[in-house]
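Enquirer: Quick one, upload.cif (mmCIF, C-alpha atoms):
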data_entry
loop_
_atom_site.label_atom_id
_atom_site.label_comp_id
_atom_site.auth_asym_id
_atom_site.auth_seq_id
_atom_site.Cartn_x
_atom_site.Cartn_y
_atom_site.Cartn_z
CA MET A 1 12.56 -8.33 -49.76
CA SER A 2 13.97 -8.16 -46.22
CA GLU A 3 14.04 -4.97 -44.20
CA GLY A 4 17.83 -4.97 -43.99
CA SER A 5 18.28 -4.97 -47.74
CA SER A 6 15.64 -2.29 -48.28
CA GLU A 7 17.26 -0.14 -45.63
CA SER A 8 20.75 -0.36 -47.16
CA SER A 9 19.47 0.40 -50.67
CA SER A 10 17.12 3.11 -49.40
CA GLN A 11 20.01 5.25 -48.20
CA ARG A 12 21.19 5.69 -51.79
CA VAL A 13 17.87 6.75 -53.34
CA THR A 14 18.21 9.03 -56.33
CA VAL A 15 15.72 11.06 -58.32
CA ALA A 16 16.09 8.53 -61.15
CA ASP A 17 15.07 5.73 -58.76
CA VAL A 18 11.94 7.63 -57.76
CA GLN A 19 11.12 8.34 -61.40
CA GLN A 20 11.48 4.64 -62.20
CA LEU A 21 9.10 3.75 -59.36
CA VAL A 22 6.60 6.30 -60.66
CA LYS A 23 6.83 4.74 -64.16
CA LYS A 24 6.05 1.34 -62.62
CA LYS A 25 3.10 2.86 -60.79
CA ASP A 26 1.78 4.37 -64.02
CA ALA A 27 2.10 1.00 -65.77
CA ILE A 28 0.17 -0.75 -62.99
CA GLU A 29 -2.54 1.92 -63.10
CA ALA A 30 -2.82 1.43 -66.89
CA GLN A 31 -3.22 -2.34 -66.42
CA ILE A 32 -5.88 -1.82 -63.76
CA LYS A 33 -7.76 0.49 -66.09
CA ALA A 34 -7.55 -2.08 -68.90
CA TYR A 35 -9.05 -4.76 -66.64
CA TYR A 36 -11.81 -2.38 -65.54
CA ASP A 37 -12.55 -1.77 -69.23
CA ILE A 38 -12.92 -5.56 -69.66
CA LEU A 39 -15.42 -5.61 -66.80
CA GLU A 40 -17.34 -2.70 -68.33
CA GLY A 41 -17.50 -4.59 -71.64
CA GLN A 42 -19.12 -7.56 -69.92
CA ASN A 43 -22.53 -5.94 -69.37
CA LYS A 44 -21.03 -3.74 -66.68
CA ALA A 45 -20.22 -6.75 -64.49
CA GLY A 46 -18.00 -4.63 -62.24
CA MET A 47 -16.24 -5.85 -59.13
CA ASP A 48 -19.35 -6.50 -57.01
CA GLU A 49 -22.04 -7.72 -59.41
CA PRO A 50 -23.07 -11.33 -58.90
CA LEU A 51 -21.81 -13.88 -61.43
CA VAL A 52 -24.89 -16.08 -61.03
CA ASP A 53 -28.55 -15.41 -61.72
CA ILE A 54 -31.44 -15.60 -59.25
CA GLU A 55 -31.66 -19.39 -59.61
CA GLY A 56 -27.90 -19.83 -58.90
CA TYR A 57 -26.79 -20.62 -62.45
CA PRO A 58 -23.89 -18.77 -64.10
CA ARG A 59 -25.04 -15.70 -65.94
CA THR A 60 -25.36 -16.19 -69.66
CA ASP A 61 -24.94 -12.52 -70.59
CA ILE A 62 -21.28 -12.41 -69.45
CA ASN A 63 -18.15 -14.49 -69.83
CA VAL A 64 -17.82 -15.60 -66.20
CA TYR A 65 -14.25 -16.85 -66.62
CA GLU A 66 -13.09 -13.56 -68.13
CA VAL A 67 -14.85 -11.53 -65.40
CA ARG A 68 -13.35 -13.65 -62.61
CA THR A 69 -9.88 -13.41 -64.15
CA ALA A 70 -10.19 -9.63 -64.56
CA ARG A 71 -11.40 -9.23 -60.95
CA HIS A 72 -8.53 -11.38 -59.68
CA ASN A 73 -5.97 -9.42 -61.69
CA ILE A 74 -7.42 -6.10 -60.53
CA ILE A 75 -7.16 -7.16 -56.88
CA CYS A 76 -3.58 -8.38 -57.34
CA LEU A 77 -2.59 -5.20 -59.17
CA GLN A 78 -4.23 -3.04 -56.50
CA ASN A 79 -2.13 -4.81 -53.86
CA ASP A 80 0.99 -4.26 -55.96
CA HIS A 81 -0.01 -0.61 -56.44
CA LYS A 82 -0.44 -0.13 -52.69
CA ALA A 83 3.00 -1.63 -51.97
CA LEU A 84 4.60 0.45 -54.73
CA MET A 85 3.02 3.63 -53.38
CA LYS A 86 4.59 2.87 -49.98
CA GLN A 87 7.98 2.44 -51.68
CA ILE A 88 7.55 5.74 -53.53
CA GLU A 89 6.57 7.50 -50.31
CA GLU A 90 9.60 6.14 -48.45
CA ALA A 91 11.91 7.00 -51.34
CA LEU A 92 10.58 10.56 -51.47
CA HIS A 93 10.99 10.96 -47.71
CA GLN A 94 14.59 9.76 -47.93
CA LEU A 95 15.33 11.92 -50.95
CA HIS A 96 13.94 15.03 -49.28
CA ALA A 97 15.65 14.23 -45.98
CA ARG A 98 18.98 13.98 -47.82
CA ASP A 99 18.31 17.27 -49.61
CA ARG A 100 17.37 18.96 -46.31
CA GLU A 101 20.59 17.67 -44.72
CA LYS A 102 22.61 18.87 -47.70
CA HIS A 103 20.91 22.28 -47.52
CA ARG A 104 21.60 22.47 -43.77
CA LEU A 105 25.27 21.63 -44.30
CA ASP A 106 25.54 24.22 -47.10
CA GLU A 107 24.02 26.88 -44.83
CA ALA A 108 26.40 25.94 -42.01
CA GLU A 109 29.32 26.19 -44.42
CA MET A 110 28.16 29.59 -45.69
CA HIS A 111 27.71 30.76 -42.10
CA SER A 112 31.22 29.63 -41.15
CA GLU A 113 32.63 31.36 -44.25
CA ALA A 114 30.78 34.54 -43.30
CA MET A 115 32.15 34.31 -39.76
CA GLU A 116 35.69 33.84 -41.13
CA GLN A 117 35.24 36.83 -43.41
CA GLU A 118 33.84 38.89 -40.53
CA ASN A 119 36.78 37.91 -38.34
CA SER A 120 39.22 38.86 -41.10
CA LEU A 121 37.92 42.46 -41.31
CA PRO A 122 40.46 44.98 -40.07
CA SER A 123 39.78 46.30 -36.61
CA ALA A 124 38.72 49.91 -36.20
CA PHE A 125 41.63 52.29 -36.09
CA ALA A 126 39.93 55.52 -35.14
CA LYS A 127 36.98 56.90 -33.26
CA VAL A 128 35.49 60.01 -34.87
CA ASP A 129 34.58 62.58 -32.22
CA THR A 130 34.61 65.69 -34.35
CA VAL A 131 34.63 66.73 -37.97
CA SER A 132 36.99 69.60 -38.67
CA PRO A 133 36.17 72.30 -41.18
CA GLY A 134 37.80 71.63 -44.55
CA SER A 135 38.09 67.85 -44.02
CA PRO A 136 36.55 65.45 -46.54
CA ALA A 137 33.76 64.62 -44.08
CA TYR A 138 33.06 68.35 -43.66
CA ILE A 139 33.10 68.90 -47.42
CA SER A 140 30.68 65.97 -47.84
CA VAL A 141 28.31 67.77 -45.47
CA ILE A 142 28.59 64.99 -42.92
CA GLY A 143 28.44 66.20 -39.40
CA VAL A 144 29.42 64.24 -36.30
CA VAL A 145 25.81 63.22 -35.72
CA ASP A 146 25.36 62.18 -39.36
CA LEU A 147 28.54 60.14 -39.32
CA GLN A 148 27.58 58.57 -36.02
CA SER A 149 24.15 57.59 -37.22
CA THR A 150 25.46 56.33 -40.57
CA VAL A 151 28.19 54.19 -38.99
CA LYS A 152 25.88 53.11 -36.19
CA GLU A 153 23.22 52.04 -38.74
CA ALA A 154 25.85 50.17 -40.75
CA MET A 155 27.09 48.39 -37.65
CA GLN A 156 23.59 47.52 -36.44
CA SER A 157 22.57 46.19 -39.85
CA CYS A 158 25.35 43.60 -39.76
CA CYS A 159 25.52 43.00 -36.00
CA SER A 160 22.64 41.87 -33.84
CA ALA A 161 23.93 43.56 -30.67
CA PRO A 162 24.19 47.36 -30.47
CA CYS A 163 27.78 48.48 -30.95
CA ARG A 164 29.76 51.62 -30.30
CA TRP A 165 30.31 53.51 -33.51
CA TYR A 166 33.84 53.04 -34.67
CA ALA A 167 35.01 53.81 -38.15
CA LEU A 168 35.11 50.68 -40.27
CA PHE A 169 36.76 52.44 -43.18
CA PRO A 170 39.68 54.84 -43.49
CA LEU A 171 38.82 58.50 -42.97
CA TYR A 172 40.98 61.56 -43.03
CA ILE A 173 40.84 62.90 -39.52
CA SER A 174 42.01 66.44 -39.06
CA GLY A 175 45.40 66.44 -37.40
CA GLY A 176 45.48 62.64 -37.02
CA GLY A 177 47.69 60.88 -39.51
CA SER A 178 49.70 61.59 -42.61
CA GLU A 179 48.40 62.18 -46.08
CA ASP A 180 50.23 60.54 -48.98
#
Using the file provided, produce a representation of the structure as structure tokens.

Expert:
Amino acid sequence: MSEGSSESSSQRVTVADVQQLVKKKDAIEAQIKAYYDILEGQNKAGMDEPLVDIEGYPRTDINVYEVRTARHNIICLQNDHKALMKQIEEALHQLHARDREKHRLDEAEMHSEAMEQENSLPSAFAKVDTVSPGSPAYISVIGVVDLQSTVKEAMQSCCSAPCRWYALFPLYISGGGSED
């Protein structure tokens, strides 16, 4: 497979593609295990045991052809496994990179929506300097200092820079405005 074709197909990697690669990997691992079981059944011939005796003749306690074939197949499958693992790694990197980019774009969109909403808030219409006796703020046992600290805390919780305390919500101000 050429690099150009793998690069064009790699940009469209899906979770299903990665799952399919993992299934192939599992199948290869099962085949490798089966060939190792063949080697174990041949008097534990393994991958490194000699196939000849001390005098240089083929061993009579094993099927030399079957051991050589199993060793060859194991080596080929290990090479295939290594290449497939590289493909899985690349596919996972691309999949996660795409998800990170999508997450970044979603956050940017949410941030721009929050900025639009913040910009659409009505501007402050009054600055509370005093609380008159009998007003709703007075009845609520909110003094000027309480109101200042409450509004100031509300402003500082949503703004990073310290702000002057302006009323963000309608208040009845004694002598300032009409009541309906």

Enquirer: Measure the distance from CA of Asp53 in chain A to CA of Ile75 in chain A in Å and round it to one decimal.

Expert: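 Going from CA of Asp53 in chain A over to CA of Ile75 in chain A covers 23.4 Å.
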
Enquirer: Given the file shown, determine the residues that the PyMOL selection byres ((chain A and resi 22) around 12) selects; report them as a PyMOL selection string.

Expert: chain A and resi 15-21+23-29+81+84-89+91-92

Enquirer: Create the file for the chosen residues now, containing C-alpha atoms and written as a PDB file, in the coordinates of the input.

Expert:
ATOM      1  CA  VAL A  15      15.720  11.060 -58.320  1.00  0.00           C
ATOM      2  CA  ALA A  16      16.090   8.530 -61.150  1.00  0.00           C
ATOM      3  CA  ASP A  17      15.070   5.730 -58.760  1.00  0.00           C
ATOM      4  CA  VAL A  18      11.940   7.630 -57.760  1.00  0.00           C
ATOM      5  CA  GLN A  19      11.120   8.340 -61.400  1.00  0.00           C
ATOM      6  CA  GLN A  20      11.480   4.640 -62.200  1.00  0.00           C
ATOM      7  CA  LEU A  21       9.100   3.750 -59.360  1.00  0.00           C
ATOM      8  CA  LYS A  23       6.830   4.740 -64.160  1.00  0.00           C
ATOM      9  CA  LYS A  24       6.050   1.340 -62.620  1.00  0.00           C
ATOM     10  CA  LYS A  25       3.100   2.860 -60.790  1.00  0.00           C
ATOM     11  CA  ASP A  26       1.780   4.370 -64.020  1.00  0.00           C
ATOM     12  CA  ALA A  27       2.100   1.000 -65.770  1.00  0.00           C
ATOM     13  CA  ILE A  28       0.170  -0.750 -62.990  1.00  0.00           C
ATOM     14  CA  GLU A  29      -2.540   1.920 -63.100  1.00  0.00           C
ATOM     15  CA  HIS A  81      -0.010  -0.610 -56.440  1.00  0.00           C
ATOM     16  CA  LEU A  84       4.600   0.450 -54.730  1.00  0.00           C
ATOM     17  CA  MET A  85       3.020   3.630 -53.380  1.00  0.00           C
ATOM     18  CA  LYS A  86       4.590   2.870 -49.980  1.00  0.00           C
ATOM     19  CA  GLN A  87       7.980   2.440 -51.680  1.00  0.00           C
ATOM     20  CA  ILE A  88       7.550   5.740 -53.530  1.00  0.00           C
ATOM     21  CA  GLU A  89       6.570   7.500 -50.310  1.00  0.00           C
ATOM     22  CA  ALA A  91      11.910   7.000 -51.340  1.00  0.00           C
ATOM     23  CA  LEU A  92      10.580  10.560 -51.470  1.00  0.00           C
TER      24      LEU A  92
END

Enquirer: Compare A:Ile32, A:Ile38, A:Val13, A:Ala137 by their minimum atom-to-atom distance to Leu77 in chain A, counting all atoms listed in the file, and give me the closest one.

Expert: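 With all atoms listed in the file as the atom set, the closest residue is A:Ile32.
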
Enquirer: Report, in Å to a single decimal, how far apart CA of His96 in chain A and CA of Ala108 in chain A are.

Expert: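 Interatomic distance here is 18.1 Å.
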
Enquirer: To one decimal in Å, tell me the separation between CA of Pro50 in chain A and CA of Ala30 in chain A.

Expert: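 Result for CA of Pro50 in chain A versus CA of Ala30 in chain A: 25.2 Å, one decimal.
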
Enquirer: Box in all listed atoms of range 75-79 of chain A, axis-aligned, with 6 Å more on each side; write out centre and edge lengths in Å to one decimal as lines of an AutoDock Vina configuration file.

Expert:
center_x = -4.6
center_y = -5.7
center_z = -56.5
size_x = 17.0
size_y = 17.3
size_z = 17.3

Enquirer: Which one of A:Arg12, A:Asp48, A:Val131, A:Ile62 sits closest to Ala97 in chain A if you count all atoms listed in the file?

Expert: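 Checking each of A:Arg12, A:Asp48, A:Val131, A:Ile62 against Ala97 in chain A, counting all atoms listed in the file, the winner is A:Arg12.
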